[in-house]
>>> print(open('start.cif').read())   # mmCIF, C-alpha atoms
data_coords
loop_
_atom_site.label_atom_id
_atom_site.label_comp_id
_atom_site.auth_asym_id
_atom_site.auth_seq_id
_atom_site.Cartn_x
_atom_site.Cartn_y
_atom_site.Cartn_z
CA MET A 1 -30.52 -40.99 38.08
CA ASN A 2 -27.71 -43.44 38.75
CA THR A 3 -24.07 -42.53 38.15
CA VAL A 4 -23.45 -45.04 35.32
CA SER A 5 -26.35 -43.58 33.32
CA HIS A 6 -24.96 -40.07 33.85
CA VAL A 7 -21.58 -41.17 32.44
CA LEU A 8 -23.25 -42.88 29.44
CA ILE A 9 -25.41 -39.82 28.68
CA GLY A 10 -22.37 -37.53 29.02
CA PHE A 11 -20.30 -39.67 26.65
CA THR A 12 -23.15 -39.94 24.10
CA VAL A 13 -23.83 -36.18 24.02
CA SER A 14 -20.10 -35.37 23.89
CA ALA A 15 -19.59 -37.88 21.03
CA VAL A 16 -22.42 -36.25 19.05
CA ILE A 17 -21.24 -32.67 19.66
CA PHE A 18 -17.44 -32.97 19.55
CA GLY A 19 -17.07 -36.13 17.45
CA HIS A 20 -16.05 -39.68 18.36
CA GLU A 21 -12.31 -39.05 18.35
CA THR A 22 -12.51 -36.10 20.75
CA ALA A 23 -14.93 -37.97 23.03
CA ARG A 24 -12.55 -40.95 23.19
CA GLU A 25 -9.58 -38.65 23.80
CA TYR A 26 -11.37 -36.93 26.68
CA ALA A 27 -13.13 -40.08 28.01
CA LEU A 28 -11.66 -39.73 31.51
CA PRO A 29 -12.65 -36.05 32.02
CA ILE A 30 -16.14 -36.88 30.67
CA ALA A 31 -16.54 -39.77 33.12
CA ALA A 32 -15.17 -37.70 36.01
CA ALA A 33 -17.29 -34.61 35.28
CA SER A 34 -20.44 -36.73 34.92
CA SER A 35 -19.95 -38.73 38.08
CA VAL A 36 -18.06 -36.60 40.64
CA MET A 37 -21.21 -34.60 41.46
CA ASP A 38 -22.77 -37.74 42.98
CA LEU A 39 -20.06 -37.94 45.66
CA ASP A 40 -22.04 -35.49 47.79
CA HIS A 41 -24.67 -38.22 48.39
CA LEU A 42 -22.09 -40.37 50.21
CA PRO A 43 -22.15 -38.68 53.65
CA TYR A 44 -25.93 -39.18 53.92
CA ILE A 45 -25.77 -42.77 52.61
CA VAL A 46 -23.00 -43.70 55.09
CA LYS A 47 -24.97 -42.18 57.99
CA HIS A 48 -28.37 -43.61 56.97
CA VAL A 49 -27.64 -46.97 55.29
CA ARG A 50 -31.04 -48.54 56.03
CA GLU A 51 -33.08 -45.59 54.71
CA SER A 52 -30.92 -45.41 51.59
CA PHE A 53 -31.50 -49.10 50.73
CA ARG A 54 -35.23 -48.64 51.36
CA SER A 55 -35.33 -45.65 49.00
CA ILE A 56 -33.55 -47.72 46.31
CA GLU A 57 -36.21 -50.46 46.66
CA THR A 58 -39.20 -48.14 46.63
CA GLY A 59 -37.83 -45.38 44.42
CA ALA A 60 -38.97 -42.75 46.93
CA ALA A 61 -37.11 -39.47 46.56
CA ASN A 62 -35.23 -38.42 49.66
CA ALA A 63 -35.22 -34.73 50.51
CA HIS A 64 -32.01 -34.87 52.50
CA ILE A 65 -29.75 -36.86 50.18
CA SER A 66 -28.48 -33.94 48.07
CA GLY A 67 -25.24 -32.48 49.30
CA VAL A 68 -23.30 -29.37 48.53
CA PHE A 69 -22.72 -29.90 44.78
CA HIS A 70 -26.41 -29.95 43.87
CA LYS A 71 -26.99 -26.39 45.08
CA GLU A 72 -27.39 -23.35 42.82
CA ILE A 73 -24.73 -21.35 44.69
CA THR A 74 -22.14 -24.14 44.13
CA GLN A 75 -23.09 -24.28 40.46
CA MET A 76 -22.52 -20.51 40.24
CA ILE A 77 -19.08 -20.76 41.90
CA PHE A 78 -18.17 -23.70 39.62
CA LEU A 79 -19.22 -21.72 36.53
CA ILE A 80 -17.10 -18.73 37.59
CA ILE A 81 -14.06 -21.01 38.20
CA MET A 82 -14.57 -22.58 34.76
CA LEU A 83 -14.90 -19.10 33.24
CA ILE A 84 -11.51 -18.08 34.68
CA ALA A 85 -9.95 -21.41 33.64
CA TYR A 86 -11.35 -20.98 30.10
CA PHE A 87 -8.68 -18.33 29.37
CA PHE A 88 -5.72 -20.34 30.71
CA VAL A 89 -6.45 -24.07 30.18
CA ASP A 90 -7.35 -26.13 27.08
CA LYS A 91 -10.70 -24.72 25.87
CA THR A 92 -12.09 -28.08 24.68
CA LEU A 93 -11.39 -29.65 28.06
CA ILE A 94 -13.13 -26.80 29.93
CA THR A 95 -16.12 -26.94 27.56
CA ILE A 96 -16.45 -30.72 27.95
CA ILE A 97 -16.22 -30.56 31.75
CA THR A 98 -18.78 -27.72 32.01
CA LEU A 99 -21.18 -29.40 29.59
CA ASN A 100 -21.08 -32.75 31.42
CA VAL A 101 -21.47 -31.22 34.87
CA PHE A 102 -24.56 -29.24 33.83
CA LEU A 103 -25.94 -32.23 31.89
CA HIS A 104 -25.81 -34.08 35.21
CA PHE A 105 -27.84 -31.36 36.92
CA GLY A 106 -30.30 -31.18 34.01
CA ILE A 107 -30.95 -34.94 33.95
CA ASP A 108 -31.24 -35.01 37.75
CA ALA A 109 -33.84 -32.23 37.58
CA LEU A 110 -35.84 -34.20 34.99
CA VAL A 111 -35.83 -37.55 36.76
CA SER A 112 -35.59 -36.86 40.50
CA ASN A 113 -36.50 -34.01 42.83
CA SER A 114 -34.19 -31.01 42.95
CA ASP A 115 -33.68 -30.93 46.68
CA ARG A 116 -33.33 -27.50 48.26
CA VAL A 117 -31.34 -26.11 45.32
CA PHE A 118 -31.47 -22.55 46.65
CA ALA A 119 -30.21 -23.52 50.13
CA PRO A 120 -29.18 -21.81 52.40
CA PHE A 121 -31.45 -18.98 51.15
CA SER A 122 -34.55 -21.10 50.54
CA ASN A 123 -35.34 -24.63 51.76
CA HIS A 124 -38.06 -25.39 49.22
CA ILE A 125 -37.82 -28.65 47.26
CA LEU A 126 -38.42 -28.21 43.53
CA SER A 127 -39.96 -31.01 41.48
CA ILE A 128 -40.58 -30.95 37.71
CA ARG A 129 -40.95 -34.69 37.14
CA LEU A 130 -43.62 -35.33 34.52
CA LEU A 131 -44.02 -39.03 35.36
CA GLY A 132 -43.10 -38.73 39.00
CA THR A 133 -44.20 -42.08 40.37
CA HIS A 134 -41.74 -44.13 42.38
CA LYS A 135 -42.14 -47.16 40.09
CA PHE A 136 -41.29 -45.03 37.04
CA ARG A 137 -38.13 -43.81 38.76
CA VAL A 138 -36.98 -47.35 39.54
CA ALA A 139 -37.77 -48.41 35.95
CA ILE A 140 -35.77 -45.45 34.57
CA ASP A 141 -32.81 -46.28 36.83
CA ALA A 142 -32.83 -49.95 35.86
CA GLY A 143 -33.64 -49.58 32.16
CA SER A 144 -31.50 -46.58 31.30
CA ILE A 145 -28.14 -48.36 31.48
CA PRO A 146 -28.71 -51.04 28.75
CA LEU A 147 -30.71 -48.56 26.62
CA LEU A 148 -28.03 -45.87 26.77
CA ALA A 149 -25.26 -48.40 26.20
CA MET A 150 -27.09 -49.55 23.05
CA ILE A 151 -27.55 -45.95 21.80
CA LEU A 152 -23.87 -45.23 22.49
CA TRP A 153 -22.83 -48.37 20.61
CA PHE A 154 -24.93 -47.27 17.59
CA ILE A 155 -23.50 -43.74 17.66
CA VAL A 156 -19.83 -44.59 18.18
CA TYR A 157 -19.55 -47.70 15.98
CA MET B 1 -43.33 -34.02 90.82
CA VAL B 2 -46.23 -32.41 88.94
CA TYR B 3 -44.00 -29.45 88.12
CA ARG B 4 -41.33 -31.76 86.61
CA VAL B 5 -43.88 -33.63 84.47
CA LEU B 6 -45.36 -30.35 83.23
CA LYS B 7 -41.88 -29.02 82.45
CA LYS B 8 -41.00 -32.19 80.51
CA SER B 9 -44.25 -32.16 78.56
CA ALA B 10 -43.84 -28.46 77.76
CA HIS B 11 -40.35 -29.19 76.52
CA ALA B 12 -41.69 -32.05 74.37
CA VAL B 13 -44.33 -29.74 72.86
CA VAL B 14 -41.71 -27.11 72.03
CA VAL B 15 -39.48 -29.75 70.39
CA ALA B 16 -42.46 -31.10 68.40
CA ILE B 17 -43.36 -27.60 67.16
CA ALA B 18 -39.73 -26.95 66.19
CA LEU B 19 -39.58 -30.25 64.24
CA ASP B 20 -42.89 -29.44 62.52
CA LEU B 21 -41.57 -26.04 61.50
CA LYS B 22 -38.40 -27.65 60.14
CA GLU B 23 -40.46 -30.10 58.07
CA TYR B 24 -42.68 -27.24 56.90
CA LYS B 25 -39.66 -25.31 55.67
CA ASN B 26 -38.55 -28.31 53.57
CA LYS B 27 -41.86 -28.71 51.74
CA VAL B 28 -42.07 -29.42 48.03
CA ILE B 29 -43.21 -26.63 45.71
CA LYS B 30 -46.13 -28.12 43.78
CA ILE B 31 -46.60 -27.04 40.16
CA HIS B 32 -49.30 -28.08 37.69
CA LEU B 33 -48.86 -30.06 34.46
CA GLY B 34 -48.49 -27.02 32.15
CA GLN B 35 -45.72 -25.62 34.31
CA LYS B 36 -44.02 -29.03 34.46
CA ILE B 37 -44.12 -29.34 30.66
CA ALA B 38 -42.70 -25.81 30.25
CA ALA B 39 -39.88 -26.49 32.74
CA THR B 40 -39.07 -29.93 31.28
CA SER B 41 -39.09 -28.70 27.69
CA THR B 42 -36.49 -26.01 28.46
CA ILE B 43 -33.96 -28.62 29.63
CA VAL B 44 -34.83 -31.24 26.97
CA GLY B 45 -34.89 -28.52 24.26
CA SER B 46 -31.46 -27.21 25.24
CA ILE B 47 -29.96 -30.75 25.13
CA LEU B 48 -31.61 -31.34 21.72
CA PHE B 49 -30.35 -27.97 20.47
CA ILE B 50 -26.69 -28.60 21.31
CA MET B 51 -26.88 -32.06 19.75
CA ILE B 52 -28.67 -31.01 16.54
CA PHE B 53 -27.27 -27.53 15.79
CA PRO B 54 -23.67 -28.52 14.87
CA VAL B 55 -25.00 -31.00 12.25
CA TYR B 56 -28.30 -29.53 11.01
CA HIS B 57 -28.28 -25.74 11.46
CA SER B 58 -31.85 -25.14 10.27
CA ILE B 59 -33.43 -27.81 12.53
CA GLY B 60 -31.36 -26.56 15.46
CA LEU B 61 -32.57 -23.03 14.79
CA GLN B 62 -36.16 -24.30 14.78
CA VAL B 63 -35.60 -25.97 18.16
CA LEU B 64 -34.27 -22.65 19.50
CA ILE B 65 -37.31 -20.81 18.10
CA ALA B 66 -39.58 -23.41 19.74
CA LEU B 67 -37.76 -22.87 23.06
CA ASN B 68 -38.34 -19.11 22.80
CA VAL B 69 -42.02 -19.66 21.92
CA ILE B 70 -42.42 -21.93 24.97
CA ASP B 71 -40.77 -19.21 27.09
CA LEU B 72 -43.21 -16.64 25.70
CA ILE B 73 -46.26 -18.88 26.20
CA SER B 74 -45.23 -19.79 29.74
CA ALA B 75 -44.66 -16.10 30.53
CA ILE B 76 -48.06 -15.02 29.18
CA PHE B 77 -50.49 -17.91 29.73
CA ILE B 78 -48.95 -20.21 32.35
CA LYS B 79 -48.33 -18.50 35.64
CA THR B 80 -45.04 -20.29 36.24
CA GLU B 81 -43.78 -20.80 39.75
CA LYS B 82 -40.76 -18.48 39.94
CA LYS B 83 -38.17 -20.60 41.73
CA THR B 84 -38.70 -23.69 39.54
CA LYS B 85 -38.55 -21.63 36.36
CA LEU B 86 -35.49 -19.76 37.60
CA TYR B 87 -33.61 -23.01 38.31
CA THR B 88 -34.55 -24.90 35.13
CA ASP B 89 -33.79 -21.85 32.98
CA ARG B 90 -30.33 -21.43 34.50
CA VAL B 91 -29.46 -25.11 34.10
CA SER B 92 -30.71 -25.22 30.51
CA GLU B 93 -28.78 -22.04 29.65
CA ALA B 94 -25.64 -23.49 31.21
CA ILE B 95 -26.05 -26.68 29.12
CA MET B 96 -26.67 -24.66 25.95
CA PHE B 97 -23.98 -22.00 26.33
CA SER B 98 -21.19 -24.14 27.77
CA VAL B 99 -20.64 -25.22 24.16
CA ALA B 100 -21.23 -21.80 22.58
CA GLY B 101 -17.90 -20.20 23.49
CA PHE B 102 -16.48 -17.03 25.00
CA PRO B 103 -19.05 -14.21 25.35
CA TRP B 104 -21.99 -16.57 26.07
CA PHE B 105 -20.08 -18.31 28.84
CA ILE B 106 -19.65 -14.98 30.69
CA LEU B 107 -23.31 -14.04 30.18
CA THR B 108 -24.43 -17.40 31.63
CA ALA B 109 -22.28 -16.81 34.73
CA ILE B 110 -23.74 -13.27 35.05
CA ASN B 111 -27.26 -14.74 34.79
CA TYR B 112 -26.44 -17.18 37.61
CA ILE B 113 -25.29 -14.25 39.79
CA LEU B 114 -28.46 -12.30 38.93
CA ALA B 115 -30.61 -15.35 39.83
CA MET B 116 -28.89 -15.60 43.20
CA LEU B 117 -29.47 -11.87 43.74
CA ARG B 118 -33.15 -12.35 42.94
CA ILE B 119 -33.42 -15.16 45.49
CA THR B 120 -31.49 -13.40 48.24
CA THR B 121 -31.91 -9.61 48.25
CA TYR B 122 -33.47 -7.85 45.26
CA LYS B 123 -36.67 -9.67 44.24
CA LYS B 124 -37.05 -7.64 41.03
CA THR B 125 -33.55 -8.24 39.66
CA PRO B 126 -33.84 -8.53 35.85
CA ILE B 127 -32.52 -11.70 34.19
CA ILE B 128 -30.87 -11.43 30.75
CA PRO B 129 -33.06 -13.23 28.12
CA LEU B 130 -30.05 -15.13 26.77
CA ARG B 131 -31.94 -17.62 24.58
CA PHE B 132 -33.73 -14.79 22.75
CA ILE B 133 -30.51 -12.79 22.29
CA PHE B 134 -28.77 -15.94 21.00
CA LEU B 135 -31.61 -16.52 18.52
CA LEU B 136 -31.33 -12.93 17.24
CA PHE B 137 -27.54 -13.34 17.00
CA LEU B 138 -27.87 -16.56 14.96
CA ILE B 139 -30.50 -15.07 12.63
CA LEU B 140 -28.36 -11.97 12.03
CA GLN B 141 -25.31 -14.19 11.46
CA GLU B 142 -27.15 -16.39 8.93
#
>>> encode(input="start.cif", output="structure tokens")
Amino acid sequence: MNTVSHVLIGFTVSAVIFGHETAREYALPIAAASSVMDLDHLPYIVKHVRESFRSIETGAANAHISGVFHKEITQMIFLIIMLIAYFFVDKTLITIITLNVFLHFGIDALVSNSDRVFAPFSNHILSIRLLGTHKFRVAIDAGSIPLLAMILWFIVY
Amino acid sequence: MVYRVLKKSAHAVVVAIALDLKEYKNKVIKIHLGQKIAATSTIVGSILFIMIFPVYHSIGLQVLIALNVIDLISAIFIKTEKKTKLYTDRVSEAIMFSVAGFPWFILTAINYILAMLRITTYKKTPIIPLRFIFLLFLILQE
């Protein structure tokens, strides 16, 4: 799913769980935690510009686009770092960051393929998409932003 | 001349086989609809649970019970593909227990380490049934 939708979903879930005031207070960490994970797509997109634009048009999932952050071993290391930080840094901040990072992975697993998540130990591509057609993926990417913005507006105001 | 052509063609065949093997290694694990529903419902259920439980305890508890029932059904009736189930379970647990606080946070990290052990070295490494333990904990607390 696209980065803007990830941020909107993260803010909506955080507003429901922690309340509007806390979500507004921690808006920047929420946005950062929801979107930073997508930076690992950049090296592939810069190297293969034409293929990337074609995959946006057709909605075809690319097996090589996922970088280092979308791997299980990185998630494990991140969780251990957050666990150590939990005892020294603001607990709400750590909880919000962890929640939004794993929400990103959860939504990605639902909408697109989970590419080689167990790399370097296993190169299999996992896919749990229920409606896994390319057209559906493009529709989700295009339609999710106004829909989520509307839901967020209803929840916050 | 003939020797050079043969050498080049042999090299091309070797390269083609190597590329084929590389593509083969990156193949998608195909799972059927029941397995997809079980895997999807664990992630969707965990998101629903963290959103509902702070406001409506009883409905949240029912969502957690439903998640455990789905786990049980998928373990007994649906022969779930192990890697997919392993990944979706870990992500859904991380979503659920990142909000739950201190001891659950550690247990989620331990489960991640156990999952990595299962993938790498010890295939029969047990995974802690965190959702079931959390359900028992909530029922005992209520």
>>> atom_distance(input="start.cif", atom1="atom CA of Met1 of chain A", atom2="atom CA of Ser112 of chain A")
7.0 Å
>>> residues_around(input="start.cif", residues="Ala115 of chain B", least_positions_apart="5", cutoff="8 Å", atoms="all atoms listed in the file", output="list of chain:residue names")
B:Leu86, B:Thr125, B:Ile127
>>> resolve_selection(input="start.cif", expression="the PyMOL selection byres ((chain A) within 7 of (chain B))", output="list in words")
Val13, Val16, Ile17, Met76, Leu79, Ile80, Leu83, Thr95, Thr98, Leu99, Phe102, Leu103, Gly106, Leu110, Phe121, Asn123, His124, Ile125, Leu126, Ser127, Ile128, Arg129 and Leu130 of chain A
>>> atom_distance(input="start.cif", atom1="atom CA of Ala23 of chain A", atom2="atom CA of Ile77 of chain A")
25.9 Å
>>> atom_distance(input="start.cif", atom1="atom CA of Val68 of chain A", atom2="atom CA of His6 of chain A")
18.2 Å
>>> residues_near_point(input="start.cif", point="(-23.7, -40.1, 29.2)", cutoff="9 Å", atoms="all atoms listed in the file", output="ChimeraX atom specification")
/A:4-14,30-31,34,100,103-104,148-149,152
>>> closest_residue(input="start.cif", among="A:Met82, A:Val111, A:Val49, A:Ile96", to="Val138 of chain A", atoms="only C-alpha atoms")
A:Val111
>>> residues_near_point(input="start.cif", point="(-28.5, -13.7, 25.8)", cutoff="10 Å", atoms="all atoms listed in the file", output="list in words")
Glu93, Phe97, Pro103, Trp104, Leu107, Thr108, Asn111, Ile127, Ile128, Pro129, Leu130, Arg131, Phe132, Ile133, Phe134, Leu135, Leu136 and Phe137 of chain B
>>> decode(input="start.cif", residues="segment 2-129 of chain A", atoms="C-alpha atoms", output="compact mmCIF listing (two decimals), in the first residue's frame")
# COMPACT_ATOMS: atom_id res chain seq x y z
CA ASN A 2 1.14 3.57 -0.59
CA THR A 3 2.91 5.59 2.09
CA VAL A 4 0.15 8.21 2.56
CA SER A 5 -2.40 5.48 3.32
CA HIS A 6 -0.01 3.94 5.85
CA VAL A 7 0.28 7.29 7.66
CA LEU A 8 -3.52 7.78 7.63
CA ILE A 9 -4.16 4.26 8.96
CA GLY A 10 -1.48 4.74 11.65
CA PHE A 11 -2.99 8.06 12.76
CA THR A 12 -6.55 6.65 12.79
CA VAL A 13 -5.64 3.57 14.86
CA SER A 14 -3.49 5.65 17.24
CA ALA A 15 -6.33 8.20 17.68
CA VAL A 16 -8.76 5.40 18.56
CA ILE A 17 -6.40 3.65 20.99
CA PHE A 18 -4.59 6.53 22.70
CA GLY A 19 -7.14 9.32 22.19
CA HIS A 20 -7.16 12.36 19.90
CA GLU A 21 -4.98 14.54 22.10
CA THR A 22 -2.18 11.98 22.37
CA ALA A 23 -2.36 11.22 18.64
CA ARG A 24 -2.04 14.93 17.83
CA GLU A 25 0.81 15.32 20.31
CA TYR A 26 2.71 12.41 18.75
CA ALA A 27 1.70 13.16 15.12
CA LEU A 28 5.30 13.40 13.90
CA PRO A 29 6.47 10.06 15.41
CA ILE A 30 3.30 8.40 14.04
CA ALA A 31 3.96 9.74 10.54
CA ALA A 32 7.65 8.81 10.72
CA ALA A 33 7.07 5.29 12.07
CA SER A 34 4.37 4.60 9.46
CA SER A 35 6.37 5.84 6.50
CA VAL A 36 10.09 5.28 7.17
CA MET A 37 9.78 1.55 6.40
CA ASP A 38 9.02 2.41 2.75
CA LEU A 39 12.45 4.02 2.28
CA ASP A 40 13.92 0.59 1.55
CA HIS A 41 12.03 0.55 -1.78
CA LEU A 42 14.03 3.56 -3.02
CA PRO A 43 17.27 1.80 -4.09
CA TYR A 44 15.30 -0.54 -6.39
CA ILE A 45 13.10 2.27 -7.76
CA VAL A 46 16.15 4.46 -8.53
CA LYS A 47 17.89 1.57 -10.31
CA HIS A 48 14.80 0.34 -12.21
CA VAL A 49 12.70 3.46 -12.93
CA ARG A 50 10.92 2.04 -16.00
CA GLU A 51 9.88 -1.23 -14.32
CA SER A 52 8.67 0.65 -11.25
CA PHE A 53 6.39 2.95 -13.31
CA ARG A 54 5.08 -0.09 -15.21
CA SER A 55 4.26 -1.87 -11.94
CA ILE A 56 2.38 1.25 -10.72
CA GLU A 57 0.28 1.23 -13.93
CA THR A 58 -0.49 -2.47 -13.90
CA GLY A 59 -0.50 -3.08 -10.15
CA ALA A 60 1.77 -6.10 -10.60
CA ALA A 61 3.63 -7.02 -7.42
CA ASN A 62 7.39 -6.92 -7.78
CA ALA A 63 9.36 -9.61 -5.98
CA HIS A 64 12.54 -7.58 -5.75
CA ILE A 65 11.22 -4.25 -4.48
CA SER A 66 11.31 -5.05 -0.75
CA GLY A 67 14.48 -3.99 0.97
CA VAL A 68 16.00 -4.67 4.32
CA PHE A 69 13.21 -3.30 6.57
CA HIS A 70 10.56 -5.70 5.33
CA LYS A 71 12.45 -8.78 6.53
CA GLU A 72 11.57 -10.81 9.63
CA ILE A 73 15.13 -10.63 11.01
CA THR A 74 15.07 -6.80 10.85
CA GLN A 75 11.68 -6.78 12.57
CA MET A 76 13.15 -8.97 15.33
CA ILE A 77 16.15 -6.64 15.80
CA PHE A 78 13.83 -3.60 15.81
CA LEU A 79 11.58 -5.22 18.44
CA ILE A 80 14.58 -5.98 20.68
CA ILE A 81 15.84 -2.36 20.34
CA MET A 82 12.36 -1.08 21.23
CA LEU A 83 12.24 -3.50 24.18
CA ILE A 84 15.51 -2.06 25.56
CA ALA A 85 14.34 1.52 24.87
CA TYR A 86 11.02 0.80 26.65
CA PHE A 87 12.80 0.94 30.03
CA PHE A 88 14.68 4.21 29.37
CA VAL A 89 12.56 6.37 27.02
CA ASP A 90 8.96 7.66 27.20
CA LYS A 91 6.77 4.52 27.22
CA THR A 92 3.92 6.07 25.18
CA LEU A 93 6.35 7.12 22.45
CA ILE A 94 7.89 3.63 22.24
CA THR A 95 4.43 2.00 22.18
CA ILE A 96 3.22 4.33 19.42
CA ILE A 97 6.34 3.78 17.29
CA THR A 98 6.20 -0.03 17.67
CA LEU A 99 2.47 -0.16 16.96
CA ASN A 100 2.74 1.95 13.79
CA VAL A 101 5.75 0.06 12.43
CA PHE A 102 4.02 -3.31 12.83
CA LEU A 103 0.73 -1.90 11.49
CA HIS A 104 2.71 -1.04 8.35
CA PHE A 105 3.94 -4.63 8.02
CA GLY A 106 0.45 -6.02 8.74
CA ILE A 107 -1.27 -3.85 6.12
CA ASP A 108 1.49 -4.61 3.60
CA ALA A 109 0.98 -8.34 4.19
CA LEU A 110 -2.77 -7.96 3.58
CA VAL A 111 -2.59 -5.90 0.41
CA SER A 112 0.67 -6.81 -1.35
CA ASN A 113 3.00 -9.80 -1.43
CA SER A 114 5.38 -10.28 1.48
CA ASP A 115 8.56 -10.57 -0.51
CA ARG A 116 11.18 -12.96 0.83
CA VAL A 117 10.44 -12.07 4.47
CA PHE A 118 12.67 -14.84 5.81
CA ALA A 119 15.68 -13.83 3.67
CA PRO A 120 18.58 -14.66 3.84
CA PHE A 121 17.43 -18.02 5.29
CA SER A 122 14.58 -18.62 2.84
CA ASN A 123 13.85 -16.91 -0.49
CA HIS A 124 10.18 -17.89 -0.72
CA ILE A 125 7.64 -15.15 -1.43
CA LEU A 126 4.59 -15.29 0.84
CA SER A 127 1.21 -14.09 -0.38
CA ILE A 128 -2.02 -13.98 1.67
CA ARG A 129 -3.98 -11.54 -0.50
